[in-house]
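Have a look at my_file21.txt; it's compact mmCIF, C-alpha atoms and all ligand atoms:
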# COMPACT_ATOMS: atom_id res chain seq x y z
CA MET A 1 61.37 180.28 -14.50
CA ARG A 2 63.87 177.64 -15.61
CA ALA A 3 63.76 176.08 -19.07
CA THR A 4 65.92 173.91 -21.33
CA LEU A 5 67.73 175.43 -24.29
CA LEU A 6 69.77 173.79 -27.03
CA TYR A 7 72.78 175.90 -28.08
CA GLY A 8 74.21 173.44 -30.57
CA ALA A 9 75.24 169.83 -30.90
CA GLY A 10 75.87 168.35 -27.45
CA ASP A 11 75.21 171.70 -25.75
CA VAL A 12 72.04 171.65 -23.64
CA ARG A 13 71.65 174.25 -20.89
CA VAL A 14 68.98 174.92 -18.31
CA GLU A 15 68.59 178.66 -17.84
CA GLU A 16 66.39 181.35 -16.38
CA VAL A 17 63.86 182.59 -18.98
CA PRO A 18 60.87 184.97 -18.73
CA ASP A 19 57.79 183.53 -16.99
CA PRO A 20 55.03 182.71 -19.50
CA VAL A 21 52.02 185.04 -19.50
CA LEU A 22 48.75 185.04 -21.43
CA ARG A 23 49.26 186.92 -24.71
CA GLU A 24 46.12 185.94 -26.62
CA PRO A 25 42.62 185.24 -25.28
CA THR A 26 43.03 181.69 -26.66
CA ASP A 27 46.14 181.04 -24.51
CA ALA A 28 46.55 179.13 -21.28
CA VAL A 29 49.54 178.91 -18.96
CA VAL A 30 50.40 175.42 -17.75
CA ARG A 31 52.78 174.56 -14.90
CA VAL A 32 54.69 171.48 -16.04
CA VAL A 33 54.50 168.41 -13.79
CA TYR A 34 56.33 166.04 -16.16
CA ALA A 35 58.20 166.57 -19.40
CA CYS A 36 60.52 164.21 -21.22
CA VAL A 37 63.20 163.94 -23.87
CA CYS A 38 62.23 162.59 -27.28
CA GLY A 39 64.29 160.51 -29.70
CA SER A 40 63.62 163.28 -32.24
CA ASP A 41 65.30 165.80 -29.88
CA LEU A 42 68.46 163.74 -30.34
CA TRP A 43 68.74 164.65 -34.04
CA PRO A 44 69.38 168.39 -33.40
CA TYR A 45 71.31 167.42 -30.24
CA GLY A 46 73.64 165.47 -32.51
CA SER A 47 73.98 167.95 -35.35
CA LEU A 48 72.73 171.50 -34.65
CA ALA A 49 75.24 174.24 -35.55
CA ALA A 50 76.41 176.21 -32.51
CA SER A 51 74.45 179.40 -31.86
CA GLU A 52 74.79 182.31 -29.43
CA HIS A 53 71.22 182.49 -28.23
CA GLY A 54 70.03 178.88 -28.05
CA PHE A 55 66.65 177.38 -28.90
CA ARG A 56 63.91 176.36 -26.49
CA ILE A 57 63.38 172.64 -26.74
CA GLY A 58 60.95 169.91 -25.66
CA HIS A 59 57.53 169.04 -27.02
CA GLU A 60 56.04 166.53 -24.58
CA PHE A 61 54.54 167.73 -21.32
CA LEU A 62 51.76 167.23 -18.86
CA GLY A 63 50.85 169.74 -16.19
CA VAL A 64 48.39 171.85 -14.26
CA VAL A 65 46.54 174.80 -15.78
CA GLU A 66 47.46 177.98 -13.90
CA GLU A 67 45.66 180.59 -15.97
CA VAL A 68 43.31 180.63 -18.96
CA GLY A 69 42.44 183.38 -21.44
CA SER A 70 38.87 184.55 -22.02
CA GLU A 71 38.43 182.26 -25.05
CA VAL A 72 39.36 178.94 -23.49
CA PRO A 73 36.05 177.33 -22.51
CA GLY A 74 36.11 173.98 -20.76
CA LEU A 75 39.41 174.51 -18.97
CA ALA A 76 40.05 176.14 -15.62
CA SER A 77 42.88 176.80 -13.25
CA GLY A 78 43.80 173.58 -11.42
CA ASP A 79 42.93 171.18 -14.28
CA LEU A 80 45.52 168.49 -15.02
CA VAL A 81 46.12 168.40 -18.78
CA VAL A 82 48.29 166.72 -21.39
CA ALA A 83 49.52 168.54 -24.51
CA PRO A 84 50.18 166.85 -27.87
CA PHE A 85 53.57 167.45 -29.48
CA MET A 86 52.16 170.20 -31.68
CA TRP A 87 49.58 172.80 -30.71
CA ALA A 88 46.47 173.10 -32.90
CA ASP A 89 43.00 174.63 -32.81
CA ASN A 90 41.33 171.22 -33.28
CA ALA A 91 38.67 173.10 -35.25
CA CYS A 92 39.89 173.98 -38.77
CA GLY A 93 39.26 171.90 -41.88
CA TYR A 94 42.55 170.03 -41.59
CA CYS A 95 42.03 169.23 -37.91
CA ALA A 96 38.54 167.96 -38.79
CA GLU A 97 40.26 165.53 -41.18
CA GLY A 98 42.66 164.40 -38.46
CA LEU A 99 45.55 166.34 -39.98
CA HIS A 100 46.51 168.33 -36.89
CA PRO A 101 50.17 168.79 -37.95
CA SER A 102 48.76 170.81 -40.89
CA CYS A 103 46.45 172.94 -38.69
CA ARG A 104 45.93 176.42 -40.11
CA ASN A 105 46.35 177.90 -36.63
CA GLY A 106 48.84 175.48 -35.12
CA GLY A 107 52.56 175.04 -34.79
CA PHE A 108 55.54 173.53 -33.02
CA TRP A 109 56.60 173.96 -29.41
CA GLY A 110 59.86 175.86 -29.15
CA ALA A 111 59.22 177.84 -32.37
CA PRO A 112 60.08 181.56 -32.13
CA GLY A 113 57.82 183.15 -29.51
CA VAL A 114 56.54 179.78 -28.28
CA ASP A 115 57.76 178.00 -25.15
CA GLY A 116 59.37 174.57 -25.27
CA GLY A 117 57.97 171.74 -23.18
CA GLN A 118 61.12 171.12 -21.12
CA GLY A 119 60.62 173.95 -18.66
CA GLU A 120 58.80 174.84 -15.47
CA ALA A 121 55.82 176.30 -17.34
CA VAL A 122 54.49 176.78 -20.86
CA ARG A 123 52.28 179.34 -22.57
CA VAL A 124 49.90 177.16 -24.61
CA PRO A 125 48.52 178.76 -27.78
CA GLN A 126 45.08 177.55 -28.97
CA ALA A 127 44.64 176.00 -25.53
CA ARG A 128 41.01 174.97 -26.09
CA GLY A 129 41.96 172.76 -29.02
CA THR A 130 45.41 171.72 -27.85
CA LEU A 131 44.99 170.59 -24.25
CA VAL A 132 43.16 167.48 -23.09
CA LYS A 133 41.90 167.40 -19.52
CA LEU A 134 42.88 164.31 -17.51
CA PRO A 135 40.54 162.86 -14.88
CA VAL A 136 43.25 162.04 -12.33
CA GLY A 137 45.21 163.92 -9.71
CA GLU A 138 48.72 165.31 -9.88
CA ASP A 139 49.88 162.43 -7.66
CA SER A 140 48.48 159.64 -9.89
CA ALA A 141 50.82 156.75 -10.68
CA LEU A 142 49.41 156.87 -14.22
CA LEU A 143 51.14 160.15 -15.09
CA PRO A 144 54.09 158.59 -17.00
CA SER A 145 51.69 156.58 -19.17
CA LEU A 146 49.46 159.63 -19.64
CA LEU A 147 52.49 161.67 -20.71
CA THR A 148 53.11 159.23 -23.58
CA LEU A 149 49.82 160.51 -25.06
CA SER A 150 51.68 163.67 -26.01
CA ASP A 151 53.79 161.87 -28.59
CA VAL A 152 55.15 158.33 -28.63
CA PHE A 153 51.99 156.31 -28.00
CA PRO A 154 49.83 158.18 -30.56
CA THR A 155 52.80 158.10 -32.96
CA GLY A 156 53.03 154.32 -32.63
CA HIS A 157 49.24 154.14 -33.01
CA HIS A 158 49.36 156.33 -36.12
CA CYS A 159 52.02 154.10 -37.60
CA ALA A 160 49.89 151.00 -36.98
CA THR A 161 46.54 152.44 -38.07
CA THR A 162 47.81 154.00 -41.30
CA ALA A 163 49.38 150.61 -42.10
CA GLY A 164 45.96 149.01 -41.65
CA VAL A 165 46.95 146.84 -38.67
CA GLY A 166 44.10 144.77 -37.30
CA PRO A 167 43.25 141.17 -36.42
CA ARG A 168 44.88 138.70 -38.85
CA THR A 169 47.59 141.22 -39.76
CA SER A 170 51.23 140.21 -39.55
CA VAL A 171 53.48 143.10 -38.57
CA THR A 172 57.18 143.92 -38.55
CA VAL A 173 58.26 146.82 -36.34
CA ILE A 174 61.63 148.34 -37.18
CA GLY A 175 63.37 150.02 -34.25
CA ASP A 176 63.42 149.28 -30.52
CA GLY A 177 63.40 152.91 -29.39
CA ALA A 178 60.45 154.45 -27.54
CA VAL A 179 58.42 154.89 -30.73
CA GLY A 180 59.15 151.38 -31.99
CA LEU A 181 58.08 149.86 -28.68
CA SER A 182 54.98 152.07 -28.68
CA ALA A 183 54.22 150.81 -32.20
CA VAL A 184 54.45 147.23 -30.90
CA LEU A 185 52.01 148.11 -28.11
CA ALA A 186 49.67 149.86 -30.54
CA ALA A 187 49.75 146.95 -33.02
CA ALA A 188 49.01 144.46 -30.23
CA ARG A 189 46.16 146.66 -28.99
CA LEU A 190 44.69 146.64 -32.51
CA GLY A 191 44.76 142.84 -32.49
CA ALA A 192 47.76 142.06 -34.73
CA GLU A 193 48.21 138.33 -35.07
CA ARG A 194 52.00 138.37 -35.23
CA ILE A 195 54.50 141.10 -34.39
CA ILE A 196 58.17 140.75 -35.33
CA LEU A 197 60.30 143.37 -33.60
CA MET A 198 63.61 144.29 -35.22
CA GLY A 199 66.01 145.62 -32.59
CA ARG A 200 69.27 144.65 -30.99
CA HIS A 201 69.10 146.09 -27.46
CA GLU A 202 67.97 143.15 -25.38
CA ASP A 203 66.54 145.15 -22.48
CA ARG A 204 64.41 147.04 -24.98
CA THR A 205 63.30 144.05 -27.01
CA ASP A 206 62.36 142.31 -23.72
CA LEU A 207 59.98 145.19 -23.04
CA GLY A 208 58.81 144.80 -26.64
CA ARG A 209 57.91 141.19 -25.89
CA ASP A 210 55.95 142.37 -22.84
CA PHE A 211 54.16 144.84 -25.11
CA GLY A 212 53.15 142.06 -27.51
CA ALA A 213 56.06 141.27 -29.86
CA THR A 214 55.91 137.59 -30.77
CA GLU A 215 59.44 137.38 -32.23
CA VAL A 216 62.60 139.46 -32.09
CA VAL A 217 65.14 139.84 -34.90
CA ALA A 218 68.47 141.33 -33.82
CA GLU A 219 70.14 141.27 -37.23
CA ARG A 220 70.13 144.44 -39.32
CA GLY A 221 70.33 145.30 -43.01
CA ALA A 222 70.32 142.43 -45.54
CA GLU A 223 70.77 139.85 -42.76
CA GLY A 224 67.76 141.23 -40.91
CA VAL A 225 65.65 141.16 -44.08
CA ALA A 226 66.67 137.55 -44.72
CA ARG A 227 65.80 136.59 -41.13
CA VAL A 228 62.30 138.14 -41.28
CA ARG A 229 61.72 136.52 -44.68
CA SER A 230 62.72 133.11 -43.35
CA LEU A 231 60.40 133.54 -40.36
CA THR A 232 57.51 134.31 -42.70
CA GLY A 233 57.97 131.51 -45.24
CA GLY A 234 59.68 133.94 -47.61
CA HIS A 235 56.69 136.27 -47.80
CA GLY A 236 57.34 139.18 -45.42
CA THR A 237 54.59 140.79 -43.35
CA HIS A 238 51.41 142.68 -44.31
CA ALA A 239 52.38 145.77 -42.35
CA VAL A 240 55.83 147.19 -41.69
CA LEU A 241 56.14 149.94 -39.10
CA GLU A 242 59.30 151.97 -39.68
CA CYS A 243 60.13 153.79 -36.44
CA VAL A 244 63.73 154.92 -36.98
CA GLY A 245 63.89 157.37 -39.88
CA THR A 246 67.14 156.34 -41.56
CA GLU A 247 67.56 155.25 -45.15
CA GLN A 248 68.73 151.81 -44.00
CA ALA A 249 65.61 151.36 -41.86
CA LEU A 250 63.38 152.30 -44.78
CA GLU A 251 65.23 149.93 -47.12
CA THR A 252 64.78 147.18 -44.57
CA ALA A 253 61.09 148.07 -44.36
CA PHE A 254 60.56 147.57 -48.08
CA GLY A 255 62.67 144.43 -47.89
CA VAL A 256 60.37 142.76 -45.36
CA ALA A 257 57.01 143.91 -46.76
CA ARG A 258 54.79 141.19 -48.20
CA PRO A 259 53.52 141.74 -51.78
CA GLY A 260 50.52 144.05 -51.49
CA GLY A 261 51.76 145.13 -48.08
CA THR A 262 52.11 148.54 -46.50
CA VAL A 263 55.14 150.33 -45.13
CA SER A 264 54.28 153.05 -42.62
CA ARG A 265 56.96 155.48 -41.57
CA VAL A 266 56.91 157.64 -38.48
CA GLY A 267 60.64 157.99 -37.84
CA MET A 268 61.77 161.59 -38.47
CA PRO A 269 63.22 161.25 -42.01
CA GLN A 270 67.02 161.53 -42.09
CA TYR A 271 67.05 160.60 -45.79
CA ALA A 272 66.59 162.74 -48.89
CA ARG A 273 65.22 160.09 -51.23
CA LEU A 274 62.90 157.13 -50.92
CA PRO A 275 64.06 153.63 -51.90
CA LEU A 276 60.93 153.02 -53.95
CA ASP A 277 62.53 150.79 -56.55
CA ALA A 278 61.24 148.31 -59.13
CA GLY A 279 60.74 145.71 -56.38
CA ALA A 280 58.31 147.92 -54.47
CA PHE A 281 56.60 148.73 -57.77
CA ARG A 282 56.32 145.12 -58.88
CA HIS A 283 54.93 143.97 -55.56
CA ASN A 284 52.47 146.84 -55.12
CA ILE A 285 53.88 147.92 -51.79
CA ARG A 286 52.34 151.11 -50.44
CA LEU A 287 54.09 153.78 -48.42
CA VAL A 288 52.00 155.59 -45.82
CA GLY A 289 52.58 157.32 -42.48
CA GLY A 290 53.96 160.73 -41.68
CA LEU A 291 53.93 163.09 -38.74
CA ALA A 292 51.32 161.77 -36.33
CA PRO A 293 48.25 163.86 -35.49
CA ALA A 294 48.68 163.00 -31.80
CA ARG A 295 45.78 165.22 -30.79
CA ALA A 296 43.42 163.24 -33.05
CA TYR A 297 44.06 160.02 -31.11
CA ILE A 298 44.24 161.10 -27.46
CA GLU A 299 40.54 160.63 -26.66
CA GLU A 300 40.59 157.17 -28.25
CA LEU A 301 43.71 155.99 -26.40
CA LEU A 302 43.02 157.65 -23.05
CA PRO A 303 40.47 155.14 -21.66
CA ASP A 304 42.82 152.17 -22.11
CA VAL A 305 45.59 154.07 -20.33
CA LEU A 306 43.26 155.05 -17.48
CA ASP A 307 42.01 151.46 -17.17
CA GLY A 308 45.56 150.06 -17.20
CA VAL A 309 44.78 147.96 -20.30
CA VAL A 310 48.03 149.34 -21.73
CA GLU A 311 51.01 150.75 -19.84
CA PRO A 312 52.94 152.79 -22.41
CA GLY A 313 54.72 154.62 -19.56
CA ARG A 314 56.92 151.55 -19.07
CA ILE A 315 59.19 153.02 -21.76
CA PHE A 316 60.48 155.53 -19.19
CA ASP A 317 63.47 154.00 -17.47
CA ARG A 318 64.77 157.02 -15.58
CA THR A 319 63.50 160.21 -13.95
CA LEU A 320 65.70 163.29 -13.58
CA GLY A 321 65.16 166.83 -12.34
CA LEU A 322 64.83 169.62 -14.91
CA ASP A 323 68.31 170.93 -14.04
CA GLU A 324 69.69 167.52 -15.03
CA ALA A 325 68.36 167.85 -18.60
CA PRO A 326 71.92 167.95 -20.02
CA ASP A 327 72.56 164.53 -18.39
CA ALA A 328 69.26 163.25 -19.77
CA TYR A 329 70.27 164.14 -23.32
CA ARG A 330 73.70 162.60 -22.86
CA ALA A 331 72.30 159.36 -21.44
CA MET A 332 69.74 159.00 -24.22
CA ALA A 333 72.24 159.87 -26.96
CA ASP A 334 74.66 157.27 -25.52
CA ARG A 335 71.80 154.73 -25.40
CA GLU A 336 72.26 154.34 -21.63
CA ALA A 337 68.60 155.21 -21.19
CA LEU A 338 65.58 154.49 -23.35
CA LYS A 339 63.48 157.54 -22.46
CA ILE A 340 63.87 159.93 -19.57
CA LEU A 341 61.22 161.75 -17.57
CA LEU A 342 62.06 165.29 -16.49
CA ARG A 343 60.47 166.55 -13.31
CA PRO A 344 60.69 170.35 -12.89
ZN ZN B 1 43.33 173.16 -37.02

For the structure just supplied, provide its representation as structure tokens.
Amino acid sequence: MRATLLYGAGDVRVEEVPDPVLREPTDAVVRVVYACVCGSDLWPYGSLAASEHGFRIGHEFLGVVEEVGSEVPGLASGDLVVAPFMWADNACGYCAEGLHPSCRNGGFWGAPGVDGGQGEAVRVPQARGTLVKLPVGEDSALLPSLLTLSDVFPTGHHCATTAGVGPRTSVTVIGDGAVGLSAVLAAARLGAERIILMGRHEDRTDLGRDFGATEVVAERGAEGVARVRSLTGGHGTHAVLECVGTEQALETAFGVARPGGTVSRVGMPQYARLPLDAGAFRHNIRLVGGLAPARAYIEELLPDVLDGVVEPGRIFDRTLGLDEAPDAYRAMADREALKILLRP
């Protein structure tokens, strides 16, 4: 089969790799219908040291079960399923606490011996716990929105819920990438009273307004902080959803948090230290968030996607074939595209 490999910064190749087969009785093999490129894939795409063998990449996919092992009850060949961005047994003590990224029997897609999601098929470890069956057909127009359940929509939801977003909450979302826009959608879905979106790409912030942002701030850094403060009578907002992962974004987050407020971070950290200074201390600002347990939220978010109450799939602005994966990475890295669907 064909799959995407990353050989180093800027070097994505689609190559022939061995077909996945069942190795453990808890495995399933899934034929991929849709995969996509994640903003977090762009970090290694921008910086990975060149290697001779390349790494399998991709962690968001939706597809049809082709084969199941003997210990995968509830799933059968032909089922349409979505996979969260990490595989997990959904049964251990950590999973029971909603800490699927810490699963004792889980791991990352593309790790040694594990397929990446950007390929024609995937061997799914711990398939019973990992995969969620979808009650629609392979030809459903909902598939792009359902694919967001693998990562960006639950990540935005995690950011909003850990920040305590609800009715009467004022929110600032930092970042107009796919996760930032998903965080806007999640905050609106949870009833946030006011959502200020910080981003400077107008086509993206327009979608953010459609998703529920009430105001947009294009300025960044100190200017952006001052703008949000002036919009909020000098106070800042109760919840700040940091969806970028840079030190500047986190500094901005603390800068716009109201006293007693909460900063939630879900951007992949590209910083070594936290800007938790005397200001954050004085004003009792909490820091929460982390890697989202996507699997923990899929059942909760699925009905609203199926009913069309939310359309998180609107973040996809382009669809390419699997062999065009190198172009997909280039277009997303150059900010020509927001998020790209890959169709094997
Ligand atoms: Zn577990």

Exercise for review: Using all atoms listed in the file, pick whichever of A:Met1, A:Ala257, A:Leu181, A:Ala333 has the shortest atom-to-atom distance to Glu120 (chain A).
Suggested key: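 Smallest separation from Glu120 (chain A) among the options: A:Met1.
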
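Using all atoms listed in the file, the contacts of His238 (chain A) at a cut-off of 6 Å, with sequence neighbours closer than 3 positions omitted, comprise Ser170, Arg258 and Gly261 of chain A.
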
Review point. Quick one: of A:Cys95, A:Ala218, A:Cys243, A:Ala328, who's nearest to ligand ZN 1 (chain B), counting all atoms listed in the file?
Key: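 Looking only at the distances to ligand ZN 1 (chain B), the closest residue turns out to be A:Cys95.
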
Point to revise | Option closest in space to Ile174 (chain A), from A:Ser40, A:Thr130, A:Thr205, A:Thr161 [counting all atoms listed in the file] | key: A:Thr205

Check your understanding: A:Leu231, A:Leu146, A:Ala222, A:Ala187: which is nearest Arg314 (chain A), counting only C-alpha atoms?
Key ->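 Ranked by minimum distance to Arg314 (chain A), first place goes to A:Leu146.
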
Point to revise | 8 Å contact set for region 29-34 of chain A, all atoms listed in the file, chain neighbours under 5 positions out, as a ChimeraX atom specification | key: /A:20-22,61-68,117,119-124,138,143-144,147,341-344

Practice item. Point out the residue among A:Val266, A:Leu6, A:Leu338, A:Val152 with the least atom-to-atom distance to Gly290 (chain A), counting only C-alpha atoms. Key: A:Val266

Review point. Which of these, A:Glu336, A:Glu202, A:Asp323, A:Glu215, has the shortest distance to Val228 (chain A) once you count all atoms listed in the file?
Key: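 Among the listed residues, A:Glu215 lies closest to Val228 (chain A).
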
Review point. Do you know which residues are at most 6 Å from region 189-193 of chain A counting all atoms listed in the file, after dropping those on the same chain fewer than 6 positions away, and could you put them as a PyMOL selection string?
Key: chain A and resi 166-170

Review point. Just how far from CA of Arg282 (chain A) is CA of Pro259 (chain A), in Å to one decimal?
Key: 8.3 Å

Practice item. All residues within 8 Å of ligand ZN 1 (chain B) are required, counting all atoms listed in the file; please report them as an MDAnalysis selection string. Key: chainID A and resid 88:96 99:100 102:106

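Note that CA of Lys133 (chain A) and CA of Gly74 (chain A) are 8.9 Å apart.
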
Practice item. For a cut-off of 7 Å around (56.0, 150.6, -33.5), file coordinates, pick out all residues using all atoms listed in the file and list them as a list in words. Key: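 Output of the proximity query reads Gly156, Cys159, Val173, Val179, Gly180, Leu181, Ser182, Ala183, Val184, Leu241 and Cys243 of chain A.
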
Kindly assemble as a tab-separated table a list of the region 205-288 of chain A residues that lie within 12 Å of region 300-310 of chain A, each paired with its nearest atom pair and their distance in Å to one decimal, using all atoms listed in the file, sorted first by chain and then by ascending residue number.
residue	atom	partner	partner_atom	distance
A:Asp210	CA	A:Val310	CA	10.6
A:Phe211	CA	A:Val310	CA	8.3
A:Gly212	CA	A:Val310	CA	10.6
